[in-house]
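One file, entry_23.tsv, carrying TSV, C-alpha atoms:
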chain	number	residue	atom	x	y	z
A	44	MET	CA	79.89	94.63	89.49
A	45	GLU	CA	80.48	96.24	86.09
A	46	LEU	CA	82.31	99.16	87.71
A	47	GLU	CA	84.55	96.76	89.67
A	48	ILE	CA	85.50	94.91	86.48
A	49	ILE	CA	86.31	98.16	84.61
A	50	ALA	CA	88.34	99.47	87.58
A	51	ALA	CA	90.21	96.15	87.83
A	52	ILE	CA	91.13	96.13	84.13
A	53	ILE	CA	92.22	99.79	83.97
A	54	SER	CA	94.19	99.90	87.25
A	55	SER	CA	95.84	96.51	86.64
A	56	ALA	CA	96.93	97.60	83.15
A	57	ILE	CA	98.38	100.82	84.61
A	58	ALA	CA	100.15	98.86	87.36
A	59	PHE	CA	101.71	96.45	84.87
A	60	PHE	CA	102.76	98.93	82.20
A	61	THR	CA	104.12	101.52	84.67
A	62	VAL	CA	106.59	98.99	86.10
A	63	PHE	CA	107.22	97.40	82.71
A	64	ALA	CA	108.09	100.78	81.13
A	65	LEU	CA	109.90	102.37	84.09
A	66	THR	CA	112.21	99.50	85.05
A	67	PRO	CA	114.51	99.65	81.96
A	68	PHE	CA	115.08	103.38	82.66
A	69	LEU	CA	115.74	102.60	86.32
A	70	ILE	CA	118.25	99.90	85.34
A	71	LYS	CA	120.13	102.35	83.09
A	72	ALA	CA	120.09	105.07	85.76
A	73	LEU	CA	121.37	102.69	88.45
A	74	GLU	CA	124.13	101.33	86.18
A	75	LYS	CA	125.15	104.89	85.31
A	76	ARG	CA	125.45	105.69	89.04
A	77	ASN	CA	127.35	102.45	89.63
A	78	SER	CA	124.57	101.26	91.90
A	79	THR	CA	125.16	97.60	91.11
A	80	VAL	CA	125.96	94.45	93.06
A	81	LYS	CA	127.72	91.27	92.04
A	82	ASP	CA	125.60	88.22	91.26
A	83	TYR	CA	127.87	85.56	92.80
A	84	HIS	CA	125.78	82.67	91.49
A	85	ARG	CA	126.36	83.60	87.86
A	86	LYS	CA	129.28	82.64	85.69
A	87	GLY	CA	131.63	85.61	85.46
A	88	GLY	CA	129.91	87.32	88.41
A	89	ALA	CA	127.79	89.79	86.45
A	90	MET	CA	127.04	93.16	88.02
A	91	VAL	CA	123.30	93.67	88.50
A	92	ALA	CA	121.46	96.97	89.11
A	93	ARG	CA	119.89	97.44	92.55
A	94	PRO	CA	117.43	98.50	94.00
A	95	GLY	CA	114.28	98.03	91.93
A	96	GLY	CA	112.02	99.40	94.67
A	97	PRO	CA	111.46	102.81	92.98
A	98	SER	CA	109.76	101.34	89.90
A	99	LEU	CA	107.63	99.00	92.07
A	100	ILE	CA	106.40	101.81	94.34
A	101	ALA	CA	105.72	104.04	91.30
A	102	GLY	CA	103.53	101.31	89.79
A	103	ILE	CA	101.70	100.74	93.08
A	104	LEU	CA	101.09	104.43	93.85
A	105	ILE	CA	99.99	105.44	90.33
A	106	SER	CA	97.63	102.49	89.84
A	107	GLY	CA	96.44	102.74	93.45
A	108	THR	CA	95.55	106.41	92.92
A	109	VAL	CA	93.56	105.47	89.80
A	110	LEU	CA	91.75	102.81	91.83
A	111	TYR	CA	91.02	105.41	94.52
A	112	ALA	CA	89.38	107.59	91.84
A	113	PHE	CA	86.96	104.70	91.18
A	114	PHE	CA	86.44	103.83	94.86
A	115	PRO	CA	87.29	106.70	97.28
A	116	MET	CA	87.85	104.41	100.26
A	117	THR	CA	90.01	105.16	103.32
A	118	GLU	CA	91.15	101.51	103.20
A	119	ILE	CA	92.95	102.11	99.88
A	120	ILE	CA	94.68	105.22	101.25
A	121	ALA	CA	95.83	103.34	104.37
A	122	ILE	CA	97.32	100.48	102.36
A	123	LEU	CA	99.10	102.86	99.96
A	124	ILE	CA	100.59	104.99	102.77
A	125	THR	CA	101.78	101.90	104.69
A	126	THR	CA	103.35	100.52	101.50
A	127	ALA	CA	105.06	103.86	100.73
A	128	LEU	CA	106.48	104.04	104.28
A	129	ALA	CA	107.80	100.47	103.99
A	130	PHE	CA	109.46	101.46	100.71
A	131	LEU	CA	111.22	104.33	102.52
A	132	VAL	CA	112.39	101.96	105.28
A	133	GLY	CA	113.80	99.65	102.61
A	134	LEU	CA	115.44	102.52	100.76
A	135	VAL	CA	117.24	103.58	103.96
A	136	ASP	CA	118.45	99.99	104.36
A	137	ASP	CA	119.55	99.88	100.70
A	138	LYS	CA	121.60	103.07	101.07
A	139	LYS	CA	123.00	102.41	104.51
A	140	VAL	CA	123.50	99.01	106.16
A	141	MET	CA	121.33	99.02	109.28
A	142	GLY	CA	121.32	96.62	112.25
A	143	GLY	CA	119.20	93.47	112.44
A	144	TRP	CA	116.56	95.16	114.62
A	145	PHE	CA	116.14	98.28	112.44
A	146	LYS	CA	113.80	96.76	109.89
A	147	PRO	CA	111.37	95.01	112.29
A	148	LEU	CA	110.99	98.15	114.42
A	149	ALA	CA	110.73	100.59	111.50
A	150	LEU	CA	108.29	98.30	109.70
A	151	ALA	CA	106.14	98.07	112.84
A	152	ALA	CA	105.86	101.87	112.67
A	153	THR	CA	104.60	101.70	109.08
A	154	ALA	CA	101.38	100.12	110.39
A	155	ILE	CA	100.49	103.41	112.13
A	156	PRO	CA	98.32	104.70	109.20
A	157	ILE	CA	96.19	101.53	109.45
A	158	LEU	CA	95.71	102.14	113.18
A	159	LEU	CA	95.09	105.90	112.88
A	160	LEU	CA	92.63	105.58	110.01
A	161	GLY	CA	90.86	102.73	111.82
A	162	VAL	CA	90.59	100.54	108.72
A	163	TYR	CA	90.64	97.23	110.55
A	164	ASP	CA	88.18	94.89	112.19
A	165	THR	CA	89.07	93.40	115.56
A	166	ASP	CA	87.39	90.08	114.66
A	167	LEU	CA	89.92	87.45	113.59
A	168	SER	CA	88.38	84.87	111.26
A	169	PHE	CA	89.36	81.21	111.30
A	170	PRO	CA	88.25	78.47	108.89
A	171	LEU	CA	85.49	76.10	110.12
A	172	PHE	CA	85.29	77.60	113.61
A	173	GLY	CA	84.19	81.21	112.98
A	174	GLU	CA	85.46	84.48	114.42
A	175	VAL	CA	87.02	85.60	117.65
A	176	ARG	CA	86.76	89.20	118.91
A	177	ILE	CA	90.12	90.37	120.27
A	178	PRO	CA	90.03	94.20	120.54
A	179	LEU	CA	93.33	94.66	122.37
A	180	LEU	CA	95.24	91.69	120.98
A	181	TYR	CA	94.38	92.67	117.42
A	182	ILE	CA	96.34	95.93	117.76
A	183	GLY	CA	99.39	93.74	118.48
A	184	ILE	CA	98.65	91.62	115.40
A	185	ILE	CA	98.52	94.75	113.22
A	186	VAL	CA	101.85	95.99	114.59
A	187	ILE	CA	103.66	92.67	114.01
A	188	MET	CA	101.98	91.74	110.70
A	189	ILE	CA	103.87	94.22	108.48
A	190	PRO	CA	107.36	93.36	109.89
A	191	ILE	CA	106.56	89.65	109.46
A	192	THR	CA	105.37	89.87	105.85
A	193	GLY	CA	108.02	92.45	104.89
A	194	ASN	CA	110.93	90.50	106.32
A	195	THR	CA	109.55	87.18	105.11
A	196	ILE	CA	109.54	88.35	101.49
A	197	ASN	CA	112.93	89.99	102.01
A	198	SER	CA	114.41	86.76	103.37
A	199	ILE	CA	113.25	84.72	100.37
A	200	ASP	CA	114.81	87.22	97.96
A	201	VAL	CA	117.99	85.15	97.60
A	202	LEU	CA	117.77	83.91	94.00
A	203	ASN	CA	117.03	85.54	90.65
A	204	GLY	CA	113.29	86.13	90.23
A	205	VAL	CA	112.15	84.38	93.40
A	206	ALA	CA	110.76	87.35	95.40
A	207	SER	CA	108.74	88.80	92.50
A	208	GLY	CA	107.61	85.39	91.17
A	209	PHE	CA	106.65	84.33	94.69
A	210	MET	CA	104.57	87.49	95.09
A	211	VAL	CA	102.76	86.88	91.79
A	212	ILE	CA	101.61	83.47	93.07
A	213	ALA	CA	100.87	84.40	96.72
A	214	GLY	CA	99.21	87.66	95.61
A	215	SER	CA	97.00	85.74	93.15
A	216	ALA	CA	95.97	83.37	95.96
A	217	ILE	CA	94.81	86.18	98.26
A	218	THR	CA	93.14	88.00	95.34
A	219	ILE	CA	91.06	84.88	94.59
A	220	SER	CA	90.38	84.45	98.32
A	221	LEU	CA	89.18	88.06	98.63
A	222	ILE	CA	86.86	87.52	95.65
A	223	ILE	CA	85.50	84.35	97.29
A	224	LEU	CA	84.87	86.38	100.45
A	225	GLN	CA	83.22	89.12	98.30
A	226	ASN	CA	85.65	91.86	99.34
A	227	TYR	CA	85.96	93.14	95.78
A	228	GLU	CA	87.66	96.54	96.21
A	229	ILE	CA	90.53	95.11	98.28
A	230	ALA	CA	90.71	92.21	95.80
A	231	ILE	CA	91.39	94.73	93.02
A	232	LEU	CA	94.11	96.36	95.14
A	233	SER	CA	95.61	92.91	95.65
A	234	LEU	CA	95.44	92.38	91.89
A	235	LEU	CA	97.60	95.51	91.45
A	236	LEU	CA	100.23	93.85	93.64
A	237	VAL	CA	100.12	90.80	91.35
A	238	PHE	CA	100.53	92.83	88.16
A	239	VAL	CA	103.27	95.06	89.57
A	240	SER	CA	105.18	91.91	90.62
A	241	LEU	CA	104.54	90.26	87.25
A	242	ALA	CA	105.96	93.23	85.33
A	243	PHE	CA	108.99	93.33	87.61
A	244	TYR	CA	109.50	89.58	87.23
A	245	LYS	CA	110.21	90.18	83.53
A	246	TYR	CA	113.48	91.90	84.54
A	247	HIS	CA	114.11	90.04	87.79
A	248	LYS	CA	113.87	86.45	86.46
A	249	TYR	CA	117.05	84.50	85.72
A	250	PRO	CA	119.36	86.01	84.50
A	251	SER	CA	118.37	89.11	86.52
A	252	LYS	CA	118.83	92.57	85.06
A	253	ILE	CA	117.79	94.16	88.35
A	254	PHE	CA	117.41	93.11	91.99
A	255	PRO	CA	114.51	94.49	94.06
A	256	GLY	CA	116.75	95.25	97.05
A	257	ASP	CA	115.28	95.90	100.49
A	258	SER	CA	113.15	98.75	99.11
A	259	GLY	CA	111.54	96.41	96.57
A	260	ALA	CA	111.12	93.35	98.81
A	261	LEU	CA	109.75	95.37	101.75
A	262	THR	CA	107.36	97.26	99.45
A	263	LEU	CA	105.89	93.99	98.18
A	264	GLY	CA	105.82	92.35	101.62
A	265	ALA	CA	104.33	95.35	103.43
A	266	MET	CA	101.59	95.83	100.82
A	267	TYR	CA	100.76	92.13	101.12
A	268	GLY	CA	100.55	92.42	104.94
A	269	ALA	CA	98.46	95.61	104.79
A	270	ILE	CA	96.01	93.96	102.35
A	271	ALA	CA	95.77	90.96	104.72
A	272	ILE	CA	94.81	93.21	107.65
A	273	VAL	CA	92.47	95.59	105.84
A	274	GLY	CA	90.92	92.78	103.78
A	275	GLN	CA	90.46	90.63	106.92
A	276	VAL	CA	92.27	87.66	105.38
A	277	GLU	CA	95.11	87.43	107.91
A	278	VAL	CA	95.03	83.64	108.31
A	279	ILE	CA	94.59	83.03	104.56
A	280	ALA	CA	97.50	85.38	103.78
A	281	ALA	CA	99.74	83.56	106.26
A	282	ILE	CA	98.91	80.21	104.63
A	283	ALA	CA	99.66	81.54	101.12
A	284	LEU	CA	103.08	82.67	102.37
A	285	GLY	CA	103.83	79.07	103.47
A	286	PRO	CA	107.26	78.50	101.85
A	287	ALA	CA	108.53	81.97	102.84
A	288	ILE	CA	107.31	81.54	106.44
A	289	PHE	CA	108.92	78.09	106.46
A	290	ASN	CA	112.17	79.67	105.25
A	291	SER	CA	112.10	82.29	108.05
A	292	PHE	CA	111.19	79.59	110.59
A	293	LEU	CA	114.12	77.38	109.49
A	294	PHE	CA	116.49	80.33	109.53
A	295	LEU	CA	115.46	81.59	112.98
A	296	SER	CA	115.34	78.12	114.54
A	297	SER	CA	118.87	77.39	113.30
A	298	MET	CA	120.36	80.82	114.10
A	299	LYS	CA	118.32	81.29	117.32
A	300	ARG	CA	118.38	85.10	116.98
A	301	ILE	CA	117.32	87.89	114.62
A	302	VAL	CA	120.25	88.51	112.30
A	303	GLU	CA	120.77	90.10	108.91
A	304	HIS	CA	121.61	87.65	106.10
A	305	ARG	CA	124.66	89.68	105.16
A	306	GLU	CA	126.12	89.18	108.66
A	307	ILE	CA	126.23	85.40	108.25
A	308	LYS	CA	129.66	83.99	107.54
A	309	GLU	CA	128.82	80.33	106.96
A	310	LYS	CA	126.69	80.19	103.81
A	311	PRO	CA	123.90	77.57	103.63
A	312	VAL	CA	124.68	76.71	99.98
A	313	GLU	CA	127.89	76.33	97.99
A	314	LEU	CA	128.69	76.93	94.35
A	315	THR	CA	130.06	74.06	92.27
A	316	GLU	CA	132.67	74.57	89.54
A	317	ASP	CA	129.97	74.58	86.88
A	318	PHE	CA	127.96	77.24	88.76
A	319	MET	CA	125.34	74.91	90.18
A	320	LEU	CA	124.19	75.19	93.78
A	321	LYS	CA	124.58	72.45	96.40
A	322	ALA	CA	123.77	72.25	100.11
A	323	THR	CA	126.70	72.92	102.41
A	324	SER	CA	127.87	70.23	104.81
A	325	ASN	CA	128.92	72.91	107.31
A	326	LYS	CA	126.87	72.26	110.47
A	327	LYS	CA	127.33	75.85	111.65
A	328	ALA	CA	125.63	77.25	108.55
A	329	SER	CA	122.02	78.37	108.79
A	330	VAL	CA	119.25	76.08	107.55
A	331	THR	CA	117.18	77.68	104.81
A	332	LEU	CA	114.54	76.60	102.33
A	333	VAL	CA	117.09	76.53	99.49
A	334	ARG	CA	119.48	74.38	101.54
A	335	LEU	CA	116.66	71.99	102.33
A	336	ILE	CA	115.62	71.76	98.66
A	337	LEU	CA	119.21	70.89	97.76
A	338	ALA	CA	119.89	68.55	100.69
A	339	GLY	CA	120.37	64.93	99.78
A	340	GLY	CA	120.04	65.54	96.05
A	341	ARG	CA	122.10	66.56	93.04
A	342	PRO	CA	123.28	70.17	92.65
A	343	LEU	CA	120.65	72.34	90.93
A	344	SER	CA	120.83	75.50	88.84
A	345	GLU	CA	119.43	78.73	90.26
A	346	LYS	CA	116.55	78.53	87.76
A	347	GLU	CA	115.66	74.95	88.83
A	348	ILE	CA	115.59	75.92	92.52
A	349	GLY	CA	113.38	78.89	91.67
A	350	PHE	CA	110.85	76.58	90.02
A	351	VAL	CA	110.80	74.25	93.04
A	352	ILE	CA	110.01	77.29	95.24
A	353	PHE	CA	107.26	78.34	92.82
A	354	LYS	CA	105.73	74.84	92.93
A	355	LEU	CA	105.72	75.00	96.74
A	356	THR	CA	104.09	78.45	96.58
A	357	ILE	CA	101.40	77.21	94.19
A	358	PHE	CA	100.68	74.40	96.68
A	359	SER	CA	100.42	76.93	99.55
A	360	GLY	CA	98.24	79.16	97.37
A	361	ILE	CA	95.84	76.27	96.73
A	362	LEU	CA	95.67	75.59	100.49
A	363	ALA	CA	94.95	79.31	101.04
A	364	ILE	CA	92.09	79.25	98.51
A	365	ILE	CA	90.67	76.07	100.11
A	366	THR	CA	90.87	77.92	103.45
A	367	ALA	CA	88.90	80.84	101.95
A	368	PHE	CA	86.14	78.41	100.97
A	369	MET	CA	86.28	76.90	104.48
A	370	MET	CA	85.66	80.38	105.98
A	371	GLY	CA	82.06	80.09	104.86
A	372	VAL	CA	81.61	76.68	106.50
A	373	SER	CA	80.85	76.44	110.20
A	374	LEU	CA	81.16	73.23	112.20
B	191	MET	CA	115.86	66.25	96.45
B	192	SER	CA	113.65	66.77	99.49
B	193	GLY	CA	111.01	68.86	97.69
B	194	SER	CA	108.26	66.33	98.45
B	195	SER	CA	109.09	66.42	102.18
B	196	ILE	CA	108.66	70.20	102.11
B	197	PHE	CA	105.15	69.77	100.66
B	198	VAL	CA	104.37	67.46	103.61
B	199	PHE	CA	105.73	70.03	106.05
B	200	ILE	CA	103.68	72.88	104.54
B	201	PHE	CA	100.58	70.68	104.72
B	202	ALA	CA	101.37	69.97	108.40
B	203	MET	CA	101.70	73.74	108.99
B	204	TRP	CA	98.25	74.24	107.43
B	205	ILE	CA	96.65	71.57	109.63
B	206	LEU	CA	98.26	73.10	112.73
B	207	ILE	CA	96.91	76.55	111.77
B	208	ILE	CA	93.37	75.16	111.44
B	209	ILE	CA	93.62	73.28	114.76
B	210	GLY	CA	95.07	76.42	116.41
B	211	GLY	CA	92.13	78.43	115.06
B	212	GLY	CA	89.71	75.89	116.53
B	213	ILE	CA	91.36	76.06	119.97
B	214	THR	CA	91.30	79.88	119.82
B	215	VAL	CA	87.62	80.14	118.89
B	216	LEU	CA	86.23	77.28	120.98
B	217	ILE	CA	88.36	77.48	124.14
B	218	LEU	CA	90.15	80.81	124.34
B	219	ALA	CA	87.45	83.19	123.11
B	220	PRO	CA	84.73	82.21	125.65
B	221	ILE	CA	87.02	82.89	128.66
B	222	THR	CA	85.56	85.74	130.73
B	223	ILE	CA	86.60	87.12	134.09
B	224	SER	CA	84.08	88.75	136.41
B	225	GLY	CA	84.12	90.27	139.87
B	226	TYR	CA	86.75	92.95	139.23
B	227	GLY	CA	84.38	95.64	137.95
B	228	GLU	CA	85.88	97.84	135.27
B	229	PHE	CA	89.05	95.69	135.23
B	230	ASP	CA	87.17	92.58	134.03
B	231	LEU	CA	87.92	93.28	130.35
B	232	ILE	CA	91.60	94.03	131.01
B	233	PHE	CA	92.10	90.90	133.14
B	234	SER	CA	90.39	88.64	130.62
B	235	SER	CA	92.42	90.23	127.78
B	236	VAL	CA	95.68	89.70	129.68
B	237	ILE	CA	94.80	86.05	130.39
B	238	LYS	CA	93.85	85.50	126.73
B	239	ALA	CA	97.08	87.19	125.60
B	240	VAL	CA	99.20	84.97	127.88
B	241	ILE	CA	97.41	81.81	126.71
B	242	SER	CA	97.77	82.96	123.05
B	243	ILE	CA	101.51	83.44	123.47
B	244	GLY	CA	101.68	79.99	125.09
B	245	LEU	CA	99.80	78.53	122.11
B	246	VAL	CA	102.20	80.19	119.65
B	247	VAL	CA	105.21	78.84	121.57
B	248	THR	CA	103.62	75.36	121.61
B	249	TRP	CA	102.88	75.68	117.86
B	250	ILE	CA	106.52	76.55	117.16
B	251	PHE	CA	107.72	73.68	119.37
B	252	ILE	CA	105.49	71.14	117.58
B	253	LEU	CA	106.54	72.52	114.18
B	254	SER	CA	110.17	72.27	115.20
B	255	ARG	CA	109.68	68.60	116.17
B	256	VAL	CA	107.88	67.89	112.89
B	257	LYS	CA	110.71	69.60	111.00
B	258	ASN	CA	113.35	67.47	112.71
B	259	TRP	CA	111.31	64.32	112.17
B	260	ILE	CA	110.76	64.97	108.45
B	261	PHE	CA	114.18	66.33	107.51
B	262	ARG	CA	116.58	64.51	109.87
B	263	SER	CA	117.63	62.05	107.18
B	264	GLN	CA	118.39	64.78	104.60
B	265	LEU	CA	120.07	67.20	106.93
B	266	LYS	CA	122.07	66.57	110.06
B	267	ILE	CA	120.08	69.00	112.24

Can you give me the file's structure in the form of structure tokens?
Amino acid sequence: MELEIIAAIISSAIAFFTVFALTPFLIKALEKRNSTVKDYHRKGGAMVARPGGPSLIAGILISGTVLYAFFPMTEIIAILITTALAFLVGLVDDKKVMGGWFKPLALAATAIPILLLGVYDTDLSFPLFGEVRIPLLYIGIIVIMIPITGNTINSIDVLNGVASGFMVIAGSAITISLIILQNYEIAILSLLLVFVSLAFYKYHKYPSKIFPGDSGALTLGAMYGAIAIVGQVEVIAAIALGPAIFNSFLFLSSMKRIVEHREIKEKPVELTEDFMLKATSNKKASVTLVRLILAGGRPLSEKEIGFVIFKLTIFSGILAIITAFMMGVSL
Amino acid sequence: MSGSSIFVFIFAMWILIIIGGGITVLILAPITISGYGEFDLIFSSVIKAVISIGLVVTWIFILSRVKNWIFRSQLKI
């Protein structure tokens, strides 16, 4: 246990300080190259650097390699390769606008290292009722898990600081769950995800100095999904993602097809004159989590909406941790 | 603000996941097909896959109804 604690402290510190130190340089480099986008929700429409994916993946790969030096496990390699591939998919989407189907298909392919290295268990665990062995079906779950988690995090990345803050909370919930289930090495890897997100949140929170972009959001989401599969906490991970899954569910059930956010003409929220956000009354607009938070109430600032989303994520995280305890109980 | 309704919805999602898990383990998992020799495993997997997809569709349908029931007053959906 002593080795696990030392590895956790060293690799988490490296994860945090790599992103914390690299991101300001990345912001300057992106601004110098004019790689910025307008923040429409901010007074004056400030230009914000994008994408932040490179500093996130640097933090994950460097700290992950240090963790591998402590625990030379194939599971760690599989998660890192899958995450790196998802980063590349996101980077392609950041540089060139791809169709709505590109990301799900390309992200499905990033699960190949997990399949090839065989770092999964075909038993799917459920709380209270035990496990079910699904050798063939589980391959399908692996293939769809990364696109789901990647796109889910990407779809919630609509306000300053939400994607990174969300990942700090959801990542903490699965880290605690993995500790409860005594899967310590994967718990440490999950802790790296938390610290990388926390360091990035410093620059991503309102008012953002950098946006994660597709490369950043998909990196975080894919690593989360890969940890869920390899750590055998698929159901717990899905519960911790509650608000983001709810957002994707609302969006898909209102749009009735897979579509990129940028292709949508009718926006779900409107900006007031004093730069507050309010729900649109346009019935053709998509229904999203933010629209639902604003519906029937007063206009809120971007920061206020972010905190409502964080409260919802904390609630989901608590349910996920309760679920982890319920895994050990059999009816 | 409908924040509290969203907490209720997320709780409902959690309950549905636990119930779905129970159905999967207690009803779906024990299904076995015999009498087709080496194809037994494939047939039983296909049947389980079809039932699983049906369960997911039902889960989405129920969730959609719950969503409309909870949020109808706030949003004209």

Exercise for the section: Grab the CA of Phe292 (chain A) to CA of Asn194 (chain A) distance for me, in Å with one decimal place. Expected result: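 Answer for the CA of Phe292 (chain A) to CA of Asn194 (chain A) separation: 11.7 Å.
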
Exercise for the section: Name the residues in contact with Ile221 (chain B) at a cut-off of 9 Å, using only C-alpha atoms, excluding same-chain residues fewer than 5 positions from it; report them as a PyMOL selection string. Expected result: chain B and resi 234+237-238

Enumerate, in order of chain and increasing residue number, the residues of chain A with an atom no farther than 6 Å from chain B, each with its shortest atom pair and distance in Å to one decimal, counting all atoms listed in the file, as a Markdown table.
| residue | atom | partner | partner_atom | distance |
| --- | --- | --- | --- | --- |
| A:Phe169 | CA | B:Gly211 | CA | 5.4 |
| A:Phe172 | CA | B:Gly212 | CA | 5.6 |
| A:Val175 | CA | B:Val215 | CA | 5.6 |
| A:Ile336 | CA | B:Ser192 | CA | 5.4 |
| A:Leu337 | CA | B:Met191 | CA | 5.9 |
| A:Ala338 | CA | B:Gln264 | CA | 5.6 |
| A:Gly339 | CA | B:Gln264 | CA | 5.2 |
| A:Gly340 | CA | B:Met191 | CA | 4.3 |

Problem - Distance of CA of Gly264 (chain A) from CA of Ala280 (chain A), expressed in Å to one decimal place - result: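 Taking CA of Ala280 (chain A) as the start and CA of Gly264 (chain A) as the end point, the length is 11.1 Å.
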
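Between CA of Lys139 (chain A) and CA of Tyr267 (chain A) the separation is 24.7 Å.
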
Practice task
Within 7 Å of region 48-52 of chain A, counting only C-alpha atoms, which residues show up once you throw out same-chain ones fewer than 4 positions away? Write them as an MDAnalysis selection string, please.
Solution key: chainID A and resid 44 56 110 113 231

Report as a Markdown table: every residue of region 175-269 of chain A with an atom at most 10 Å from region 59-78 of chain A, its closest pair of atoms, and their distance in Å to one decimal, counting only C-alpha atoms, with rows sorted by chain and ascending residue number.
| residue | atom | partner | partner_atom | distance |
| --- | --- | --- | --- | --- |
| A:Leu235 | CA | A:Phe59 | CA | 7.8 |
| A:Leu236 | CA | A:Phe59 | CA | 9.3 |
| A:Val237 | CA | A:Phe59 | CA | 8.7 |
| A:Phe238 | CA | A:Phe59 | CA | 5.0 |
| A:Val239 | CA | A:Phe59 | CA | 5.1 |
| A:Ser240 | CA | A:Phe59 | CA | 8.1 |
| A:Leu241 | CA | A:Phe59 | CA | 7.2 |
| A:Ala242 | CA | A:Phe63 | CA | 5.1 |
| A:Phe243 | CA | A:Val62 | CA | 6.3 |
| A:Tyr244 | CA | A:Phe63 | CA | 9.3 |
| A:Lys245 | CA | A:Phe63 | CA | 7.9 |
| A:Tyr246 | CA | A:Thr66 | CA | 7.7 |
| A:Lys252 | CA | A:Ile70 | CA | 7.4 |
| A:Ile253 | CA | A:Ile70 | CA | 6.5 |
| A:Phe254 | CA | A:Ile70 | CA | 9.5 |

Practice task
Find the residues around Ala322 (chain A) up to 12 Å (all atoms listed in the file counted), leave out those fewer than 2 positions away in its own chain, and share them as number ranges by chain.
Solution key: A: 309-315, 319-320, 324-326, 328-343, 348; B: 191-192, 264-266
